[in-house]
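> Data file upload34.txt (compact mmCIF, C-alpha atoms) is appended below.
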# COMPACT_ATOMS: atom_id res chain seq x y z
CA MET F 1 22.99 21.09 -12.32
CA ASP F 2 19.77 21.40 -14.30
CA SER F 3 17.76 24.04 -12.44
CA GLY F 4 14.58 23.60 -14.47
CA TRP F 5 12.89 21.77 -11.59
CA ILE F 6 13.33 24.71 -9.18
CA PRO F 7 10.13 26.78 -8.86
CA PRO F 8 10.47 30.57 -8.63
CA ASP F 9 11.02 32.08 -5.17
CA VAL F 10 11.92 28.77 -3.50
CA ASP F 11 13.93 29.31 -0.33
CA GLY F 12 16.93 27.05 -0.72
CA GLN F 13 18.75 28.46 2.30
CA ARG F 14 16.77 26.48 4.88
CA ALA F 15 16.56 22.71 4.74
CA SER F 16 13.22 21.20 3.79
CA VAL F 17 12.04 17.94 5.32
CA ALA F 18 10.75 16.80 1.92
CA ARG F 19 14.06 17.55 0.21
CA VAL F 20 16.14 15.89 2.95
CA TYR F 21 13.99 12.78 2.53
CA ASP F 22 14.50 13.00 -1.23
CA PHE F 23 18.28 13.07 -0.70
CA LEU F 24 18.19 10.07 1.65
CA LEU F 25 16.22 8.11 -0.95
CA GLY F 26 18.78 8.93 -3.63
CA GLY F 27 16.86 11.71 -5.37
CA GLY F 28 18.29 14.82 -7.00
CA HIS F 29 15.70 17.46 -6.05
CA ASN F 30 17.53 18.99 -3.10
CA PHE F 31 19.81 21.90 -2.22
CA ALA F 32 23.09 22.26 -0.33
CA SER F 33 21.16 23.15 2.85
CA ASP F 34 19.25 19.88 2.60
CA ARG F 35 22.42 17.88 2.02
CA ASP F 36 24.12 19.59 4.96
CA LEU F 37 21.28 18.62 7.29
CA ALA F 38 21.24 15.08 5.89
CA THR F 39 25.00 14.83 6.51
CA GLY F 40 24.40 15.80 10.13
CA LEU F 41 21.63 13.23 10.34
CA LEU F 42 23.93 10.52 8.99
CA ARG F 43 26.45 11.36 11.71
CA ILE F 44 23.79 10.80 14.36
CA GLU F 45 22.21 7.81 12.59
CA PRO F 46 24.53 6.22 10.00
CA ARG F 47 21.62 4.04 8.81
CA ALA F 48 19.38 7.02 8.01
CA ARG F 49 19.13 6.04 4.34
CA GLU F 50 18.07 2.53 5.34
CA LEU F 51 15.49 3.97 7.73
CA ALA F 52 14.05 6.18 4.98
CA GLN F 53 13.85 3.19 2.64
CA ALA F 54 12.09 1.10 5.32
CA ASN F 55 9.48 3.81 5.78
CA ARG F 56 8.96 3.98 2.02
CA ALA F 57 8.64 0.19 1.86
CA PHE F 58 5.95 0.35 4.57
CA LEU F 59 4.02 2.84 2.43
CA ARG F 60 4.24 0.55 -0.60
CA ARG F 61 3.06 -2.52 1.34
CA ALA F 62 0.16 -0.65 2.94
CA VAL F 63 -1.06 0.80 -0.36
CA ARG F 64 -0.75 -2.56 -2.09
CA GLU F 65 -2.73 -4.29 0.70
CA LEU F 66 -5.50 -1.68 0.64
CA ALA F 67 -5.74 -1.68 -3.14
CA ALA F 68 -6.00 -5.47 -3.09
CA ALA F 69 -8.78 -5.11 -0.50
CA GLY F 70 -10.74 -2.97 -2.97
CA VAL F 71 -9.75 0.58 -2.05
CA THR F 72 -9.71 2.72 -5.18
CA GLN F 73 -9.19 6.21 -3.71
CA PHE F 74 -6.08 7.47 -1.91
CA VAL F 75 -5.15 10.87 -0.46
CA ASP F 76 -1.43 11.06 0.33
CA ILE F 77 -0.91 13.95 2.78
CA GLY F 78 2.66 15.12 3.16
CA SER F 79 3.49 13.17 0.03
CA GLY F 80 6.92 14.71 -0.53
CA ILE F 81 8.96 14.67 -3.73
CA PRO F 82 8.05 11.86 -6.15
CA THR F 83 10.38 8.89 -6.14
CA GLN F 84 10.27 5.30 -7.31
CA GLY F 85 7.14 3.44 -6.24
CA ASN F 86 4.71 6.33 -5.88
CA VAL F 87 1.22 5.73 -4.53
CA HIS F 88 -0.52 5.96 -7.91
CA GLU F 89 1.94 3.49 -9.44
CA ILE F 90 1.36 0.95 -6.67
CA ALA F 91 -2.43 1.36 -6.54
CA GLN F 92 -2.89 1.41 -10.32
CA ALA F 93 -0.80 -1.75 -10.69
CA VAL F 94 -3.62 -3.45 -8.73
CA ASP F 95 -6.50 -1.42 -10.20
CA PRO F 96 -5.77 0.79 -13.23
CA GLY F 97 -8.76 2.95 -12.29
CA ALA F 98 -7.43 3.86 -8.84
CA ARG F 99 -7.51 7.59 -8.10
CA VAL F 100 -4.83 9.39 -6.07
CA VAL F 101 -4.45 12.91 -4.69
CA TYR F 102 -1.04 14.08 -3.51
CA VAL F 103 -0.91 16.86 -0.91
CA ASP F 104 2.16 18.79 0.22
CA ASN F 105 3.14 22.32 1.18
CA ASP F 106 6.68 22.14 -0.22
CA ASP F 107 7.07 24.11 -3.47
CA VAL F 108 9.56 21.67 -5.01
CA ALA F 109 7.46 18.62 -4.10
CA VAL F 110 4.33 20.16 -5.62
CA ALA F 111 6.01 21.48 -8.77
CA HIS F 112 7.81 18.23 -9.55
CA SER F 113 4.71 16.14 -8.81
CA ARG F 114 2.64 18.28 -11.17
CA SER F 115 5.24 18.00 -13.92
CA ILE F 116 5.31 14.19 -13.91
CA LEU F 117 1.55 13.76 -13.46
CA ALA F 118 0.38 16.30 -16.05
CA GLY F 119 -2.42 14.86 -18.14
CA ASP F 120 -3.28 12.01 -15.74
CA GLU F 121 -6.98 12.53 -14.99
CA ASN F 122 -6.91 9.95 -12.19
CA THR F 123 -4.38 11.90 -10.13
CA ALA F 124 -4.07 15.40 -8.74
CA VAL F 125 -1.48 17.40 -6.82
CA ILE F 126 -2.56 20.15 -4.46
CA GLN F 127 -0.52 22.54 -2.36
CA ALA F 128 -2.07 22.67 1.08
CA ASP F 129 -1.21 22.69 4.77
CA MET F 130 -2.33 19.61 6.69
CA ARG F 131 -2.72 21.81 9.77
CA ARG F 132 -5.86 23.14 8.05
CA PRO F 133 -7.67 19.92 7.16
CA GLY F 134 -10.99 21.63 6.55
CA ALA F 135 -9.57 23.72 3.71
CA LEU F 136 -7.73 20.68 2.37
CA LEU F 137 -10.89 18.58 2.28
CA ARG F 138 -12.83 21.33 0.52
CA ASP F 139 -10.23 21.75 -2.21
CA PRO F 140 -12.03 21.53 -5.57
CA GLU F 141 -9.23 19.57 -7.23
CA LEU F 142 -9.26 16.98 -4.45
CA ASN F 143 -13.02 16.65 -4.82
CA ARG F 144 -12.72 16.33 -8.59
CA VAL F 145 -10.54 13.24 -8.24
CA VAL F 146 -11.96 11.53 -5.16
CA ASP F 147 -15.51 11.13 -3.93
CA LEU F 148 -15.50 11.62 -0.17
CA THR F 149 -18.90 9.95 0.14
CA ARG F 150 -17.13 6.69 -0.77
CA PRO F 151 -14.26 4.98 1.11
CA VAL F 152 -10.91 6.74 0.88
CA ALA F 153 -7.51 5.79 2.28
CA PHE F 154 -5.85 8.78 3.96
CA LEU F 155 -2.08 8.39 4.10
CA LEU F 156 -0.09 10.26 6.76
CA VAL F 157 3.25 8.55 6.24
CA ALA F 158 6.10 10.35 8.02
CA ALA F 159 3.80 13.38 8.25
CA LEU F 160 2.34 13.82 11.75
CA HIS F 161 5.76 14.00 13.39
CA MET F 162 6.21 17.29 11.49
CA LEU F 163 3.47 18.78 13.67
CA THR F 164 4.01 20.03 17.20
CA ASP F 165 1.36 19.50 19.87
CA ASP F 166 0.36 23.16 19.35
CA ASP F 167 -0.47 22.24 15.73
CA ASP F 168 -3.06 19.77 17.09
CA PRO F 169 -2.17 16.62 15.12
CA ALA F 170 -4.97 14.75 16.89
CA GLY F 171 -7.42 17.33 15.56
CA VAL F 172 -6.07 16.84 12.05
CA VAL F 173 -6.67 13.10 12.25
CA ALA F 174 -10.11 13.62 13.81
CA ALA F 175 -11.13 15.86 10.89
CA LEU F 176 -10.04 13.18 8.43
CA ARG F 177 -11.97 10.57 10.40
CA GLU F 178 -15.13 12.64 10.27
CA ALA F 179 -14.72 13.12 6.51
CA CYS F 180 -14.01 9.44 5.89
CA ALA F 181 -16.86 7.21 4.77
CA PRO F 182 -17.23 3.84 6.52
CA GLY F 183 -14.83 1.34 5.01
CA GLY F 184 -12.14 3.96 4.49
CA TYR F 185 -8.66 3.72 5.98
CA LEU F 186 -5.96 5.68 7.79
CA VAL F 187 -2.26 4.87 7.28
CA ILE F 188 0.26 6.41 9.68
CA SER F 189 3.99 6.12 10.19
CA HIS F 190 5.56 8.22 12.92
CA PHE F 191 9.00 8.88 14.45
CA THR F 192 9.40 7.63 18.04
CA HIS F 193 11.81 8.08 20.94
CA GLU F 194 10.96 4.81 22.67
CA ALA F 195 13.86 2.64 21.48
CA GLU F 196 16.68 5.22 21.51
CA PRO F 197 15.65 8.40 23.34
CA GLY F 198 19.09 10.03 23.18
CA LYS F 199 19.43 9.53 19.44
CA SER F 200 15.84 10.62 18.82
CA ALA F 201 16.39 13.81 20.82
CA ALA F 202 19.53 14.61 18.82
CA ILE F 203 17.64 14.10 15.56
CA GLY F 204 14.82 16.33 16.78
CA LYS F 205 17.29 19.08 17.69
CA LEU F 206 18.94 18.81 14.27
CA TYR F 207 15.58 19.33 12.55
CA ASP F 208 15.12 22.62 14.38
CA ARG F 209 17.14 23.97 11.43
CA ALA F 210 14.56 22.71 8.91
CA THR F 211 11.27 24.11 7.66
CA SER F 212 9.39 21.58 9.81
CA PRO F 213 10.26 19.93 13.13
CA MET F 214 10.74 16.23 13.82
CA VAL F 215 8.64 15.50 16.90
CA ALA F 216 9.21 12.09 18.43
CA ARG F 217 6.22 10.54 20.21
CA SER F 218 5.62 7.41 22.29
CA HIS F 219 3.78 4.31 21.12
CA ALA F 220 0.82 5.29 23.31
CA GLU F 221 0.70 8.83 21.88
CA ILE F 222 0.82 7.57 18.29
CA LEU F 223 -1.76 4.88 19.02
CA ARG F 224 -4.23 7.57 20.14
CA PHE F 225 -4.26 8.93 16.58
CA PHE F 226 -6.18 5.75 15.70
CA ASP F 227 -9.05 6.51 18.11
CA GLY F 228 -12.27 5.81 16.22
CA TRP F 229 -10.54 3.47 13.75
CA ASP F 230 -10.28 -0.33 13.90
CA LEU F 231 -6.57 -1.10 13.86
CA LEU F 232 -5.60 -3.84 11.42
CA ASP F 233 -3.24 -6.66 12.36
CA PRO F 234 -0.45 -6.58 13.41
CA GLY F 235 -1.34 -3.27 15.07
CA LEU F 236 1.01 -0.33 15.57
CA VAL F 237 4.49 -1.79 15.16
CA TYR F 238 7.96 -0.82 13.99
CA VAL F 239 7.63 -0.41 10.23
CA PRO F 240 9.59 -3.55 9.18
CA LEU F 241 7.14 -5.63 11.22
CA TRP F 242 4.01 -4.43 9.38
CA ARG F 243 3.11 -7.34 7.09
CA PRO F 244 6.66 -7.93 5.81
CA GLU F 245 6.99 -9.43 2.37
CA GLY F 246 8.44 -12.92 2.26
CA GLY F 247 8.13 -13.22 6.04
CA GLU F 248 11.56 -11.66 6.57
CA VAL F 249 11.88 -9.45 9.65
CA ASP F 250 14.92 -7.49 10.75
CA GLY F 251 16.43 -8.83 13.95
CA ARG F 252 16.27 -5.41 15.60
CA PRO F 253 13.21 -3.67 14.13
CA GLU F 254 13.25 -1.05 16.90
CA ARG F 255 16.40 0.47 15.38
CA PHE F 256 14.22 1.87 12.57
CA LEU F 257 12.80 4.45 15.03
CA VAL F 258 9.40 4.61 13.29
CA PHE F 259 6.08 2.99 14.17
CA GLY F 260 3.53 2.23 11.46
CA GLY F 261 -0.07 1.11 11.43
CA VAL F 262 -3.30 1.02 9.42
CA GLY F 263 -6.81 1.61 10.72
CA ARG F 264 -10.23 1.04 9.14
CA ARG F 265 -13.18 3.38 9.58
CA PRO F 266 -16.08 1.28 10.96
What is this file in C-alpha cells?

Amino acid sequence: MDSGWIPPDVDGQRASVARVYDFLLGGGHNFASDRDLATGLLRIEPRARELAQANRAFLRRAVRELAAAGVTQFVDIGSGIPTQGNVHEIAQAVDPGARVVYVDNDDVAVAHSRSILAGDENTAVIQADMRRPGALLRDPELNRVVDLTRPVAFLLVAALHMLTDDDDPAGVVAALREACAPGGYLVISHFTHEAEPGKSAAIGKLYDRATSPMVARSHAEILRFFDGWDLLDPGLVYVPLWRPEGGEVDGRPERFLVFGGVGRRP
C-alpha cells in the first residue's frame, strides 16, 4: 500500500470515525483498525454502505439546493476524508465563485484534503475541534475564505452525533447561529434510535472503540438543534425523504437510521 497519504504520528491502532466512513464509501484512506470496526458494523447493519451513501447523497442535494438559492459560502464541519462529490465540487458546479472551508480534527482527513485542494484560493482546510466553536470561528484561514458578515451555510452532516451531551452539541449549534448572518443556513444529519433502538444501541456500543462516539438521539432532540432557524420543507425527515431527486423515495426510509434537515437563519 502507498503510505504517502499517512501523516506523521497518526494513531492507526484505534478506529477513526472519518476513516470508517471513508471505507464504507469505498475509499482507500483507512487502516486495519478502521476496517475491523466497519466489519463489525456490517454484521450489525448489513446495509451500512448503503446508509453511508444515502447520507452523502443528502449532503449533495442540500448543497446543490442552497447553491441554487444563491448561497456562495459553505463551512463543512466534520467534513471527513474527501470522496467523490465534495462540497466545493457541488457548489462550484452551480457557481464557480463559491467558497468552501472544510473543518475536521482527523489528521488523515485534514492532510488528504489539503493535498487535493492545494492552490485553490476559494477553499481552505482547517484542523479544529467543533466542540470549541469560538476558536473555529476565529480561525484566520476560515475568515480569509468566508465573510461571516454575509450569509454562510454551516454543514454538520453526520457530525453532531459524535458529541456526547457533556460536549454540549446544542451550545455548538447556538454559537454557529449567533455567528451566522441573516439568510444563512444550517444543514444537519444525525443518527437516531427511533426506528430500530436495539440496532442503534449495538452500533453505539461498537463505536465505543473509535476515536469518537456514535450518540443516537430522538427526532425531538435533533429538532431542538434547529431552535432559532426556520426549518425548510419537508422538515426534519429520514435522509432519503429530503427533497429526493426524481421523486423516488425508498419504501422504508426509516431503515436509514439518520434524520436530515436544513434551517434558514431569519
> Between F:Arg60, F:Arg43, F:Arg209, F:His112, which one has atoms that come closest to F:Gly28, using all atoms listed in the file?
F:His112
> Compare F:Leu142, F:Met130, F:Cys180, F:Ala195 by their minimum atom-to-atom distance to F:Asp168, counting all atoms listed in the file, and give me the closest one.
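Ranked by minimum distance to F:Asp168, first place goes to F:Met130.
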> F:Gly26: which residues within 12 Å, counting only C-alpha atoms, same-chain residues fewer than 5 positions away excluded, as a PyMOL selection string?
chain F and resi 19-21+35+38+48-50+52-53+81-84
> For the atom pair atom CA of F:Tyr238 and atom CA of F:Gly260, what is the interatomic distance in Å to one decimal place?
5.9 Å
> Rank nothing, just name the residue among F:Ile222, F:Val110, F:Val94, F:Ala15 nearest to F:Gly78, using all atoms listed in the file.
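Using all atoms listed in the file, F:Gly78 sits closest to F:Val110.
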> Report as a ChimeraX atom specification all protein, DNA and RNA residues lying within 12 Å of F:Val146, evaluated on only C-alpha atoms, omitting residues in the same chain fewer than 2 positions from it.
/F:71-76,97-102,121-124,137-144,148-154,180-181
> Rounded to one decimal in Å, what is the spacing between atom CA of F:Lys199 and atom CA of F:Leu163?
19.3 Å
